[in-house]
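Trainee: If it helps, the file is called start-v2.txt and holds compact mmCIF, C-alpha atoms and all ligand atoms:
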```
# COMPACT_ATOMS: atom_id res chain seq x y z
CA MET A 444 61.93 70.59 46.22
CA LYS A 445 58.69 71.33 48.11
CA THR A 446 59.21 74.38 50.31
CA LEU A 447 56.67 75.85 52.70
CA ILE A 448 56.95 79.35 54.15
CA LEU A 449 54.72 79.70 57.22
CA GLY A 450 53.53 83.26 57.89
CA ALA A 451 53.49 86.37 55.69
CA GLY A 452 54.65 88.92 58.23
CA TYR A 453 57.87 90.93 57.91
CA ALA A 454 60.05 87.80 57.88
CA GLY A 455 57.94 85.39 55.77
CA LEU A 456 56.92 87.95 53.17
CA ALA A 457 60.52 89.07 52.76
CA VAL A 458 61.46 85.45 51.97
CA ALA A 459 58.69 85.03 49.40
CA THR A 460 59.32 88.33 47.62
CA GLN A 461 63.07 87.58 47.28
CA LEU A 462 62.36 84.43 45.28
CA LYS A 463 62.29 84.11 41.51
CA ALA A 464 60.47 81.31 39.67
CA THR A 465 63.16 78.61 39.48
CA PRO A 466 62.91 75.08 37.99
CA GLY A 467 62.83 72.53 40.78
CA LEU A 468 61.77 75.08 43.40
CA ASP A 469 58.12 74.60 44.40
CA VAL A 470 57.23 77.13 47.10
CA ALA A 471 53.95 77.83 48.92
CA LEU A 472 53.36 80.66 51.39
CA VAL A 473 50.88 79.59 54.07
CA GLU A 474 49.16 82.47 55.90
CA GLN A 475 45.90 82.84 57.81
CA ASN A 476 45.04 86.24 56.30
CA PRO A 477 44.90 87.23 52.61
CA TYR A 478 46.75 90.39 53.58
CA HIS A 479 50.06 91.41 55.16
CA THR A 480 49.72 93.48 58.33
CA PHE A 481 52.07 96.41 58.95
CA GLU A 482 52.31 95.47 62.59
CA THR A 483 54.57 98.45 63.28
CA ARG A 484 51.59 100.72 62.52
CA LEU A 485 48.90 98.94 64.54
CA HIS A 486 48.89 101.73 67.14
CA GLU A 487 47.76 104.13 64.40
CA ALA A 488 44.92 101.76 63.47
CA ALA A 489 43.91 101.46 67.14
CA ALA A 490 43.61 105.23 67.54
CA HIS A 491 42.59 106.45 64.08
CA ASN A 492 41.38 103.40 62.13
CA THR A 493 44.26 103.83 59.67
CA GLN A 494 44.57 101.23 56.89
CA VAL A 495 47.55 99.04 57.84
CA THR A 496 47.20 96.01 55.57
CA LEU A 497 48.20 95.12 52.02
CA PRO A 498 46.81 92.22 49.90
CA ILE A 499 49.47 89.52 49.53
CA ALA A 500 48.57 87.90 46.19
CA PRO A 501 49.79 90.78 43.92
CA LEU A 502 53.12 90.85 45.79
CA LEU A 503 53.85 87.26 44.73
CA ARG A 504 53.77 87.89 40.95
CA GLY A 505 57.00 86.70 39.33
CA THR A 506 58.20 84.91 42.47
CA GLY A 507 56.85 81.47 41.55
CA VAL A 508 55.37 81.30 45.07
CA THR A 509 51.76 80.17 45.48
CA MET A 510 49.59 81.44 48.32
CA GLU A 511 47.72 79.04 50.61
CA LEU A 512 45.14 80.69 52.83
CA ALA A 513 45.07 78.48 55.93
CA ARG A 514 45.57 78.56 59.66
CA ILE A 515 48.54 76.56 60.85
CA ILE A 516 47.65 74.30 63.74
CA SER A 517 50.94 72.53 64.41
CA VAL A 518 54.34 71.70 62.92
CA ASP A 519 56.00 68.33 63.50
CA LEU A 520 59.70 68.54 62.68
CA ASP A 521 60.30 64.81 63.23
CA ALA A 522 57.50 63.76 60.82
CA LYS A 523 58.29 66.72 58.48
CA THR A 524 54.62 67.71 58.34
CA VAL A 525 52.54 70.84 58.86
CA GLU A 526 48.94 70.52 60.00
CA THR A 527 46.73 73.36 58.77
CA SER A 528 43.01 74.12 58.74
CA GLN A 529 43.10 72.69 55.17
CA GLY A 530 44.81 69.37 56.00
CA VAL A 531 48.29 67.94 56.55
CA GLU A 532 51.17 68.85 54.21
CA SER A 533 54.69 67.47 54.04
CA TYR A 534 57.75 69.48 53.01
CA ASP A 535 61.37 69.15 51.95
CA LYS A 536 62.37 72.60 53.20
CA LEU A 537 60.47 74.68 55.74
CA VAL A 538 60.64 78.35 56.75
CA ILE A 539 58.80 79.13 59.98
CA ALA A 540 57.96 82.83 60.39
CA LEU A 541 54.81 82.88 62.52
CA GLY A 542 55.80 85.81 64.74
CA SER A 543 54.95 86.24 68.39
CA VAL A 544 51.96 86.36 70.70
CA THR A 545 51.32 88.50 73.76
CA ASN A 546 52.92 87.26 76.97
CA PHE A 547 50.58 87.95 79.89
CA TYR A 548 53.11 86.44 82.35
CA ARG A 549 50.22 84.68 84.13
CA ILE A 550 49.28 87.94 85.84
CA PRO A 551 45.85 87.19 87.34
CA GLY A 552 42.98 88.43 85.16
CA LEU A 553 45.24 90.05 82.56
CA ALA A 554 44.58 87.65 79.67
CA ASP A 555 40.83 87.83 80.40
CA PHE A 556 40.34 91.54 80.93
CA ALA A 557 43.09 93.30 78.97
CA SER A 558 43.15 93.99 75.25
CA GLU A 559 46.33 93.36 73.29
CA LEU A 560 47.74 94.95 70.14
CA LYS A 561 48.93 92.18 67.82
CA SER A 562 46.37 92.18 65.00
CA THR A 563 43.98 94.41 63.08
CA GLU A 564 41.12 92.86 65.10
CA ASP A 565 42.80 94.01 68.32
CA ALA A 566 43.25 97.50 66.84
CA SER A 567 39.57 97.66 65.79
CA GLU A 568 38.40 96.59 69.23
CA ILE A 569 40.43 99.40 70.88
CA TYR A 570 39.27 101.92 68.27
CA ASP A 571 35.61 101.01 68.89
CA TRP A 572 36.01 101.35 72.66
CA ILE A 573 37.59 104.82 72.31
CA ASN A 574 34.65 105.91 70.17
CA ARG A 575 32.12 104.48 72.64
CA ALA A 576 33.87 106.20 75.55
CA HIS A 577 33.33 109.55 73.79
CA GLN A 578 29.58 109.18 73.52
CA ALA A 579 27.25 111.00 75.92
CA SER A 580 25.60 107.68 76.79
CA TYR A 581 28.91 106.21 78.08
CA THR A 582 28.82 105.86 81.86
CA GLY A 583 31.94 103.70 82.53
CA SER A 584 35.38 104.78 83.71
CA ARG A 585 37.25 107.18 81.40
CA ASN A 586 40.57 105.80 82.58
CA ILE A 587 42.55 103.86 79.99
CA VAL A 588 45.51 101.92 81.39
CA ILE A 589 48.30 100.77 79.09
CA GLY A 590 50.68 98.26 80.68
CA GLY A 591 54.25 98.19 79.34
CA ALA A 592 56.24 101.31 78.40
CA GLY A 593 58.29 99.80 75.59
CA LEU A 594 58.01 100.87 71.97
CA THR A 595 54.43 99.64 71.47
CA GLY A 596 53.07 101.10 74.71
CA VAL A 597 54.63 104.53 74.17
CA GLU A 598 53.56 104.75 70.52
CA LEU A 599 50.03 103.70 71.47
CA VAL A 600 49.51 106.19 74.33
CA THR A 601 50.60 109.14 72.22
CA GLU A 602 48.20 108.23 69.40
CA ILE A 603 45.36 107.72 71.90
CA ALA A 604 46.17 111.09 73.49
CA GLN A 605 45.78 112.79 70.11
CA ARG A 606 42.58 110.94 69.35
CA THR A 607 40.91 111.72 72.69
CA ALA A 608 41.84 115.41 72.39
CA ASP A 609 40.27 115.46 68.95
CA LEU A 610 37.08 113.64 70.00
CA SER A 611 36.74 115.69 73.17
CA GLY A 612 37.05 118.91 71.16
CA ARG A 613 34.34 117.74 68.80
CA THR A 614 31.89 116.35 71.37
CA GLY A 615 32.52 118.63 74.35
CA LEU A 616 32.91 115.52 76.52
CA PRO A 617 35.94 115.10 78.82
CA LYS A 618 39.16 113.55 77.50
CA LEU A 619 40.22 110.06 78.56
CA ASN A 620 42.67 109.83 81.47
CA ILE A 621 45.63 107.90 80.04
CA TYR A 622 47.92 105.90 82.35
CA LEU A 623 51.14 104.30 81.12
CA VAL A 624 52.21 101.70 83.67
CA GLU A 625 55.71 100.22 83.76
CA ALA A 626 57.26 97.85 86.32
CA GLY A 627 60.81 98.92 85.42
CA PRO A 628 62.40 102.19 86.51
CA LYS A 629 62.15 103.90 83.10
CA ILE A 630 60.22 104.02 79.87
CA LEU A 631 61.81 102.91 76.56
CA PRO A 632 64.84 101.28 78.23
CA VAL A 633 66.52 100.68 74.84
CA LEU A 634 66.80 104.42 74.09
CA GLU A 635 69.53 106.74 75.29
CA GLU A 636 68.77 109.14 78.16
CA SER A 637 68.37 112.35 76.10
CA LEU A 638 65.75 110.72 73.86
CA ARG A 639 63.94 109.30 76.87
CA GLU A 640 63.84 112.76 78.49
CA LYS A 641 62.42 114.24 75.30
CA THR A 642 59.80 111.48 75.19
CA MET A 643 58.84 112.11 78.83
CA LYS A 644 58.29 115.81 78.04
CA VAL A 645 56.04 114.89 75.11
CA LEU A 646 54.05 112.47 77.27
CA GLU A 647 53.64 115.13 79.98
CA GLY A 648 52.48 117.59 77.32
CA TYR A 649 49.73 115.14 76.42
CA ASP A 650 48.71 114.83 80.14
CA ILE A 651 49.65 111.14 80.12
CA GLN A 652 50.24 109.81 83.65
CA VAL A 653 53.46 107.77 83.53
CA LEU A 654 53.71 105.31 86.43
CA THR A 655 57.18 103.75 86.25
CA GLY A 656 58.22 101.40 89.06
CA HIS A 657 54.62 100.16 89.29
CA ARG A 658 54.10 96.44 88.75
CA LEU A 659 50.72 95.41 87.34
CA MET A 660 49.61 92.66 89.74
CA LYS A 661 46.03 91.95 88.76
CA ALA A 662 43.38 92.97 86.25
CA SER A 663 39.61 92.79 86.68
CA PRO A 664 36.53 94.20 84.91
CA GLU A 665 36.81 97.20 87.27
CA GLY A 666 40.48 98.03 86.68
CA VAL A 667 44.00 97.09 87.76
CA THR A 668 45.93 96.55 90.98
CA LEU A 669 49.38 98.13 90.94
CA GLN A 670 52.27 97.50 93.30
CA PRO A 671 54.65 100.47 93.58
CA LEU A 672 58.29 99.82 94.50
CA GLU A 673 57.52 101.08 98.00
CA GLY A 674 54.28 101.25 99.92
CA GLU A 675 50.85 99.76 99.60
CA ALA A 676 49.30 98.32 96.44
CA LEU A 677 46.84 100.67 94.80
CA GLU A 678 43.62 100.08 92.87
CA LEU A 679 43.24 102.02 89.63
CA PRO A 680 39.78 101.86 88.04
CA ALA A 681 39.82 101.49 84.25
CA GLY A 682 37.27 101.39 81.46
CA LYS A 683 39.92 99.86 79.24
CA ILE A 684 43.14 97.96 79.97
CA ILE A 685 45.67 97.28 77.19
CA TRP A 686 48.70 95.05 77.77
CA THR A 687 51.80 95.70 75.65
CA GLY A 688 54.25 94.50 78.31
CA GLY A 689 55.69 91.40 76.68
CA ILE A 690 55.73 88.94 73.81
CA GLN A 691 56.71 85.32 73.36
CA ALA A 692 57.26 83.20 70.27
CA GLN A 693 54.34 81.17 68.91
CA ASP A 694 54.31 77.75 70.55
CA ILE A 695 53.26 75.71 67.54
CA VAL A 696 56.37 73.71 66.62
CA ARG A 697 57.16 70.24 67.98
CA GLY A 698 60.43 68.33 67.60
CA GLU A 699 62.26 66.00 69.97
CA LYS A 700 65.56 67.77 69.35
CA LEU A 701 64.12 71.29 69.15
CA GLU A 702 65.96 73.76 71.37
CA LYS A 703 64.17 76.81 72.74
CA GLY A 704 65.46 79.84 74.62
CA PRO A 705 63.84 82.61 76.67
CA ALA A 706 60.31 83.61 75.61
CA ASN A 707 59.98 80.34 73.67
CA ARG A 708 62.25 81.58 70.87
CA VAL A 709 63.71 78.77 68.75
CA VAL A 710 67.50 78.52 68.80
CA VAL A 711 68.94 78.83 65.27
CA ASP A 712 72.42 78.62 63.74
CA ARG A 713 74.25 81.33 61.77
CA ALA A 714 72.22 80.50 58.64
CA LEU A 715 68.99 80.72 60.72
CA ARG A 716 68.39 76.96 60.58
CA VAL A 717 67.41 74.75 63.49
CA THR A 718 70.66 72.91 64.23
CA ALA A 719 69.11 69.45 64.67
CA TYR A 720 66.76 70.00 61.69
CA PRO A 721 68.86 71.60 58.93
CA ASP A 722 65.94 71.60 56.45
CA VAL A 723 64.11 74.03 58.72
CA PHE A 724 64.71 77.78 58.93
CA VAL A 725 63.13 79.82 61.75
CA ILE A 726 63.13 83.61 61.33
CA GLY A 727 61.65 86.81 62.76
CA ASP A 728 60.19 87.09 66.28
CA MET A 729 60.12 83.27 66.63
CA ALA A 730 63.86 82.86 66.22
CA LEU A 731 66.60 83.25 68.79
CA ALA A 732 69.25 84.48 66.37
CA LYS A 733 72.49 85.82 67.82
CA ASP A 734 74.86 88.55 66.69
CA SER A 735 78.65 88.09 66.34
CA GLU A 736 79.08 88.75 70.09
CA GLY A 737 76.51 86.06 70.94
CA LYS A 738 73.83 88.57 72.00
CA PRO A 739 70.20 87.76 71.04
CA VAL A 740 68.99 89.79 68.07
CA PRO A 741 66.05 92.06 69.05
CA THR A 742 62.53 91.07 67.99
CA THR A 743 61.87 93.88 65.53
CA ALA A 744 60.43 94.24 62.05
CA GLN A 745 63.79 95.55 60.89
CA HIS A 746 65.61 92.34 61.85
CA ALA A 747 62.71 90.10 60.72
CA GLY A 748 62.94 91.68 57.25
CA GLN A 749 66.73 91.24 57.11
CA GLN A 750 66.42 87.59 58.14
CA GLY A 751 63.68 87.02 55.56
CA ARG A 752 65.66 88.56 52.70
CA LEU A 753 68.70 86.45 53.58
CA THR A 754 66.62 83.27 53.84
CA GLY A 755 64.98 83.95 50.46
CA LYS A 756 68.43 84.27 48.90
CA ASN A 757 69.64 81.17 50.76
CA LEU A 758 66.72 79.13 49.37
CA MET A 759 67.76 80.19 45.87
CA ARG A 760 71.37 79.22 46.71
CA LEU A 761 70.20 75.79 47.91
CA ALA A 762 68.24 75.26 44.68
CA LYS A 763 71.43 76.01 42.73
CA GLY A 764 73.57 73.78 44.97
CA GLU A 765 75.50 76.78 46.37
CA GLU A 766 76.70 77.42 49.94
CA LEU A 767 74.41 79.22 52.40
CA LYS A 768 75.40 82.68 53.64
CA ALA A 769 75.44 83.46 57.36
CA TYR A 770 73.17 86.06 58.98
CA GLU A 771 74.83 89.28 60.08
CA PRO A 772 72.33 91.48 61.93
CA ASN A 773 72.54 95.17 61.20
CA THR A 774 70.62 97.59 63.40
CA LEU A 775 70.27 100.64 61.18
CA GLY A 776 68.44 102.74 63.77
CA GLU A 777 65.37 102.88 65.95
CA PHE A 778 62.53 105.37 65.78
CA VAL A 779 59.57 105.79 68.10
CA SER A 780 56.60 107.80 66.87
CA LEU A 781 55.04 110.10 69.45
CA GLY A 782 51.85 111.02 67.65
CA GLY A 783 51.32 113.30 64.65
CA LEU A 784 54.59 114.55 63.20
CA MET A 785 56.61 113.95 66.39
CA ALA A 786 59.10 111.12 66.88
CA VAL A 787 62.43 110.36 68.55
CA GLY A 788 65.15 107.94 67.57
CA TRP A 789 68.61 107.42 66.21
CA MET A 790 70.24 106.27 63.03
CA LYS A 791 73.49 104.43 62.58
CA LEU A 792 76.45 106.33 61.15
CA PRO A 793 79.75 104.93 59.88
CA TRP A 794 82.14 103.52 62.54
CA ASN A 795 79.17 102.49 64.70
CA GLN A 796 78.34 106.08 65.68
CA LYS A 797 74.71 106.95 66.44
CA LEU A 798 72.96 110.12 65.35
CA ALA A 799 70.11 110.98 67.76
CA MET A 800 67.11 112.79 66.29
CA THR A 801 63.90 114.29 67.62
CA GLY A 802 60.87 116.01 66.12
CA GLY A 803 59.89 116.20 62.48
CA ILE A 804 63.17 114.80 61.14
CA ALA A 805 62.82 111.68 63.32
CA HIS A 806 59.24 111.35 62.08
CA ILE A 807 60.45 111.50 58.47
CA MET A 808 63.08 108.83 59.22
CA LYS A 809 60.42 106.59 60.77
CA ARG A 810 58.22 107.02 57.70
CA ALA A 811 61.24 106.37 55.46
CA THR A 812 61.86 102.98 57.09
CA GLU A 813 58.22 102.04 56.48
CA TRP A 814 58.48 103.21 52.88
CA ARG A 815 61.68 101.19 52.38
CA TRP A 816 59.88 98.08 53.65
CA ARG A 817 57.06 98.58 51.13
CA GLN A 818 59.55 99.14 48.34
CA SER A 819 61.34 95.89 49.24
CA ILE A 820 58.18 93.77 48.95
CA GLU A 821 56.32 95.49 46.09
C1 LIG A 901 52.26 98.31 67.75
C2 LIG A 901 53.62 97.77 67.37
C3 LIG A 901 54.61 98.66 66.94
C4 LIG A 901 55.86 98.15 66.55
N1 LIG A 901 56.77 99.04 66.08
C5 LIG A 901 57.95 98.59 65.60
C6 LIG A 901 58.89 99.49 65.02
O1 LIG A 901 58.67 100.71 64.99
N2 LIG A 901 60.04 98.97 64.50
C7 LIG A 901 60.30 97.63 64.51
O2 LIG A 901 61.35 97.22 63.97
N3 LIG A 901 59.45 96.74 65.06
C8 LIG A 901 58.28 97.18 65.61
N4 LIG A 901 57.38 96.28 66.16
C9 LIG A 901 57.74 94.85 66.23
C10 LIG A 901 57.48 94.16 64.89
O3 LIG A 901 56.17 94.43 64.44
C11 LIG A 901 57.72 92.66 64.98
O4 LIG A 901 59.04 92.44 65.48
C12 LIG A 901 57.56 92.01 63.61
O5 LIG A 901 56.21 92.09 63.19
C13 LIG A 901 58.02 90.55 63.61
O6 LIG A 901 57.91 90.03 62.31
P1 LIG A 901 57.56 88.49 62.06
O7 LIG A 901 57.54 88.29 60.58
O8 LIG A 901 58.41 87.63 62.90
O9 LIG A 901 56.09 88.32 62.64
P2 LIG A 901 54.71 89.03 62.16
O10 LIG A 901 54.98 90.31 61.44
O11 LIG A 901 53.90 89.08 63.40
O12 LIG A 901 54.14 87.98 61.14
C14 LIG A 901 53.64 86.72 61.51
C15 LIG A 901 52.67 86.29 60.42
O13 LIG A 901 52.27 84.94 60.70
C16 LIG A 901 50.86 84.85 60.57
N5 LIG A 901 50.43 83.80 61.47
C17 LIG A 901 50.61 83.75 62.82
N6 LIG A 901 50.09 82.62 63.32
C18 LIG A 901 49.55 81.94 62.28
C19 LIG A 901 48.89 80.69 62.17
N7 LIG A 901 48.66 79.90 63.24
N8 LIG A 901 48.48 80.30 60.94
C20 LIG A 901 48.71 81.06 59.83
N9 LIG A 901 49.35 82.25 59.88
C21 LIG A 901 49.76 82.69 61.10
C22 LIG A 901 50.34 86.21 60.97
O14 LIG A 901 49.04 86.43 60.43
C23 LIG A 901 51.39 87.12 60.38
O15 LIG A 901 51.10 87.47 59.05
C24 LIG A 901 56.12 96.76 66.60
C25 LIG A 901 55.13 95.87 67.05
C26 LIG A 901 53.90 96.36 67.43
C27 LIG A 901 52.83 95.39 67.91
```
Let me see the structure of the file written as structure tokens.
Ligand SMILES: Cc1cc2nc3c(=O)[nH]c(=O)nc-3n(C[C@H](O)[C@H](O)[C@H](O)COP(=O)(O)OP(=O)(O)OC[C@H]3O[C@@H](n4cnc5c(N)ncnc54)[C@H](O)[C@@H]3O)c2cc1C

Mentor:
Amino acid sequence: MKTLILGAGYAGLAVATQLKATPGLDVALVEQNPYHTFETRLHEAAAHNTQVTLPIAPLLRGTGVTMELARIISVDLDAKTVETSQGVESYDKLVIALGSVTNFYRIPGLADFASELKSTEDASEIYDWINRAHQASYTGSRNIVIGGAGLTGVELVTEIAQRTADLSGRTGLPKLNIYLVEAGPKILPVLEESLREKTMKVLEGYDIQVLTGHRLMKASPEGVTLQPLEGEALELPAGKIIWTGGIQAQDIVRGEKLEKGPANRVVVDRALRVTAYPDVFVIGDMALAKDSEGKPVPTTAQHAGQQGRLTGKNLMRLAKGEELKAYEPNTLGEFVSLGGLMAVGWMKLPWNQKLAMTGGIAHIMKRATEWRWRQSIE
């Protein structure tokens, strides 16, 4: 049974590392990079050049999975083929785990003039700009505008705040002026109020200007145009614009009977298969999986990993002729790092209670979730 796993992110790598060499199961993992990216730590790489990748090949020992280094160009579910930079391959079973791309919402100029934070290349480009902006020869604007005050935006601004304070102290040059712009009324809408208040205090302590209720209308080489809820639009000059305000699923899969939901996510059944194409699993950020109440499962590394582990086990079950198990999402907690040893978040307790945490303990919990992920794939 020829099985292809597309993408070695949190979802795809979890599938591959669950597998054990099994007669009759011929599995290849197709990925454009020879390494796995800890996407949840890209903000650290953007500010501090932290190493956030891990070579994939050693992780596949004992799994029976072979690695194919190739860029996927398109997937045709009706023809059961995958076109890659290396040629066209057919499959019996397919797992699509190609993650998401930035959604610029067609805001004029944004895709052309804003950086994004989805890859190590993006992180390096931001890191290089921060360094350049702290050289005496730099004459551009010292304003850095981050659009989108969700998890990624908030984690990024706090790391940049630490980095600019450090560089300014060393060079004697002024710090960057950091603006966090959000169209909605509050930052981190998924968090409870007390954690949001704590986060706001931390951001204020870093001198970060938080502009909630400001819609980013346009980006240009000079800066951004913002529309506040009331009053005139305002022009904010910027030396650097970074957009973390939205994602959408990769638009790479074709199929006459393919059903997609909001943000291009592919509708899947309880076993994470595409209903009209039961040989195809879609998992991670690309999938529109639902919980038992019918609510869409969040696009997070935590859920991508859970879906991957289940799919790996389900592939083994299929090879043995056993029944597939259904996906039951389990949100164990959420932690937002706020630079250095500071974080906020909550963890799930029995009977669906939540334990809110701030400071060093939340930071340790955040690190623990990253450590658990590494343990699960190594
Ligand atoms: C800065 C940042 C911080 C975050 N923090 C958190 C957090 O604290 N907690 C949390 O739970 N989630 C967090 N997330 C979200 C989380 O990273 C994603 O939900 C998660 O990565 C989704 O996993 P995935 O496997 O679906 O996709 P990905 O991890 O994005 O993996 C997709 C894989 O497919 C490969 N690929 C893509 N296109 C192609 C192609 N055409 N050809 C070949 N290969 C391809 C990619 O190289 C990649 O390896 C954060 C995201 C960002 C950007």

Trainee: Find the residues around A:Leu792 up to 10 Å (all atoms listed in the file counted), leave out those fewer than 4 positions away in its own chain, and share them as a list in words.

Mentor: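 Using all atoms listed in the file, the neighbours found are Leu775, Gly776, Gln796, Lys797 and Leu798 of chain A.
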
Trainee: Could the residues of chain A that have an atom at most 7 Å from ligand LIG 901 (chain A) be listed as a Markdown table, each with its closest atom pair and the distance in Å to one decimal, counting only C-alpha atoms and all ligand atoms and ordered by chain and ascending residue number?

Mentor:
```
| residue | atom | partner | partner_atom | distance |
| --- | --- | --- | --- | --- |
| A:Leu449 | CA | A:LIG901 | N9 | 6.5 |
| A:Gly450 | CA | A:LIG901 | O13 | 3.5 |
| A:Ala451 | CA | A:LIG901 | O15 | 4.3 |
| A:Gly452 | CA | A:LIG901 | O12 | 3.1 |
| A:Tyr453 | CA | A:LIG901 | O7 | 3.8 |
| A:Ala454 | CA | A:LIG901 | O7 | 3.7 |
| A:Gly455 | CA | A:LIG901 | O7 | 5.6 |
| A:Val473 | CA | A:LIG901 | C20 | 6.3 |
| A:Glu474 | CA | A:LIG901 | N9 | 4.0 |
| A:Gln475 | CA | A:LIG901 | C20 | 3.9 |
| A:Asn476 | CA | A:LIG901 | O14 | 5.8 |
| A:His479 | CA | A:LIG901 | O15 | 5.6 |
| A:Thr480 | CA | A:LIG901 | O15 | 6.2 |
| A:Glu482 | CA | A:LIG901 | O3 | 4.4 |
| A:Thr483 | CA | A:LIG901 | C4 | 3.5 |
| A:Arg484 | CA | A:LIG901 | C3 | 5.7 |
| A:Leu485 | CA | A:LIG901 | C1 | 4.7 |
| A:His486 | CA | A:LIG901 | C1 | 4.8 |
| A:Ala513 | CA | A:LIG901 | C20 | 5.9 |
| A:Arg514 | CA | A:LIG901 | N8 | 3.6 |
| A:Ile515 | CA | A:LIG901 | N8 | 3.7 |
| A:Ile516 | CA | A:LIG901 | N7 | 5.7 |
| A:Ala540 | CA | A:LIG901 | O8 | 5.4 |
| A:Leu541 | CA | A:LIG901 | O13 | 3.7 |
| A:Gly542 | CA | A:LIG901 | O9 | 3.3 |
| A:Ser543 | CA | A:LIG901 | O11 | 5.8 |
| A:Leu560 | CA | A:LIG901 | C27 | 5.6 |
| A:Lys561 | CA | A:LIG901 | C27 | 5.1 |
| A:Leu594 | CA | A:LIG901 | N1 | 6.3 |
| A:Thr595 | CA | A:LIG901 | C1 | 4.5 |
| A:Leu599 | CA | A:LIG901 | C1 | 6.9 |
| A:Ile726 | CA | A:LIG901 | O8 | 6.4 |
| A:Gly727 | CA | A:LIG901 | O8 | 3.3 |
| A:Asp728 | CA | A:LIG901 | O8 | 3.9 |
| A:Met729 | CA | A:LIG901 | O8 | 6.0 |
| A:Thr742 | CA | A:LIG901 | O4 | 4.5 |
| A:Thr743 | CA | A:LIG901 | O4 | 3.2 |
| A:Ala744 | CA | A:LIG901 | O2 | 3.7 |
| A:Gln745 | CA | A:LIG901 | O2 | 4.3 |
| A:His746 | CA | A:LIG901 | O2 | 6.8 |
| A:Ala747 | CA | A:LIG901 | O6 | 5.1 |
| A:Glu777 | CA | A:LIG901 | N2 | 6.8 |
| A:Phe778 | CA | A:LIG901 | O1 | 6.1 |
| A:Val779 | CA | A:LIG901 | O1 | 6.0 |
```

Trainee: Work out how far apart atom CA of A:Val711 and atom CA of A:Met444 are and give it in Å to one decimal.

Mentor: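 Separating atom CA of A:Val711 from atom CA of A:Met444 is a distance of 21.9 Å.
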
Trainee: Hey, can you check how far atom CA of A:Ala489 sits from atom CA of A:Ser567?

Mentor: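 Calculated distance between atom CA of A:Ala489 and atom CA of A:Ser567 is 5.9 Å.
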
Trainee: Might you pull out every residue within 9 Å of A:Leu677, with all atoms listed in the file counted and same-chain residues fewer than 5 positions away left off, and present them as a ChimeraX atom specification?

Mentor: /A:667-671

Trainee: Which is closer to A:Gly590 than all the others in A:Arg658, A:Lys463, A:Lys700, A:His491, using only C-alpha atoms?

Mentor: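 When distances to A:Gly590 are compared using only C-alpha atoms, the smallest one comes from A:Arg658.
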
Trainee: What does the distance from atom CA of A:Gly593 to atom CA of A:Met643 come to in Å, to one decimal?

Mentor: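 A separation of 12.7 Å between them.
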
Trainee: Which polymer residues, whether protein, DNA or RNA, lie within 10 Å of the coordinate (75.1, 80.3, 65.6) when you count all atoms listed in the file? List them as a PDB file with C-alpha atoms, in the coordinates of the input, using the chain letters and numbers from the file.

Mentor:
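To be explicit, this is the file written out as out-v1.pdb:
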```
ATOM      1  CA  VAL A 710      67.500  78.520  68.800  1.00  0.00           C
ATOM      2  CA  VAL A 711      68.940  78.830  65.270  1.00  0.00           C
ATOM      3  CA  ASP A 712      72.420  78.620  63.740  1.00  0.00           C
ATOM      4  CA  ARG A 713      74.250  81.330  61.770  1.00  0.00           C
ATOM      5  CA  ALA A 714      72.220  80.500  58.640  1.00  0.00           C
ATOM      6  CA  LEU A 715      68.990  80.720  60.720  1.00  0.00           C
ATOM      7  CA  ARG A 716      68.390  76.960  60.580  1.00  0.00           C
ATOM      8  CA  VAL A 717      67.410  74.750  63.490  1.00  0.00           C
ATOM      9  CA  THR A 718      70.660  72.910  64.230  1.00  0.00           C
ATOM     10  CA  LEU A 731      66.600  83.250  68.790  1.00  0.00           C
ATOM     11  CA  ALA A 732      69.250  84.480  66.370  1.00  0.00           C
ATOM     12  CA  LYS A 733      72.490  85.820  67.820  1.00  0.00           C
ATOM     13  CA  ASP A 734      74.860  88.550  66.690  1.00  0.00           C
ATOM     14  CA  SER A 735      78.650  88.090  66.340  1.00  0.00           C
ATOM     15  CA  GLY A 737      76.510  86.060  70.940  1.00  0.00           C
ATOM     16  CA  ALA A 769      75.440  83.460  57.360  1.00  0.00           C
ATOM     17  CA  TYR A 770      73.170  86.060  58.980  1.00  0.00           C
TER      18      TYR A 770
END
```
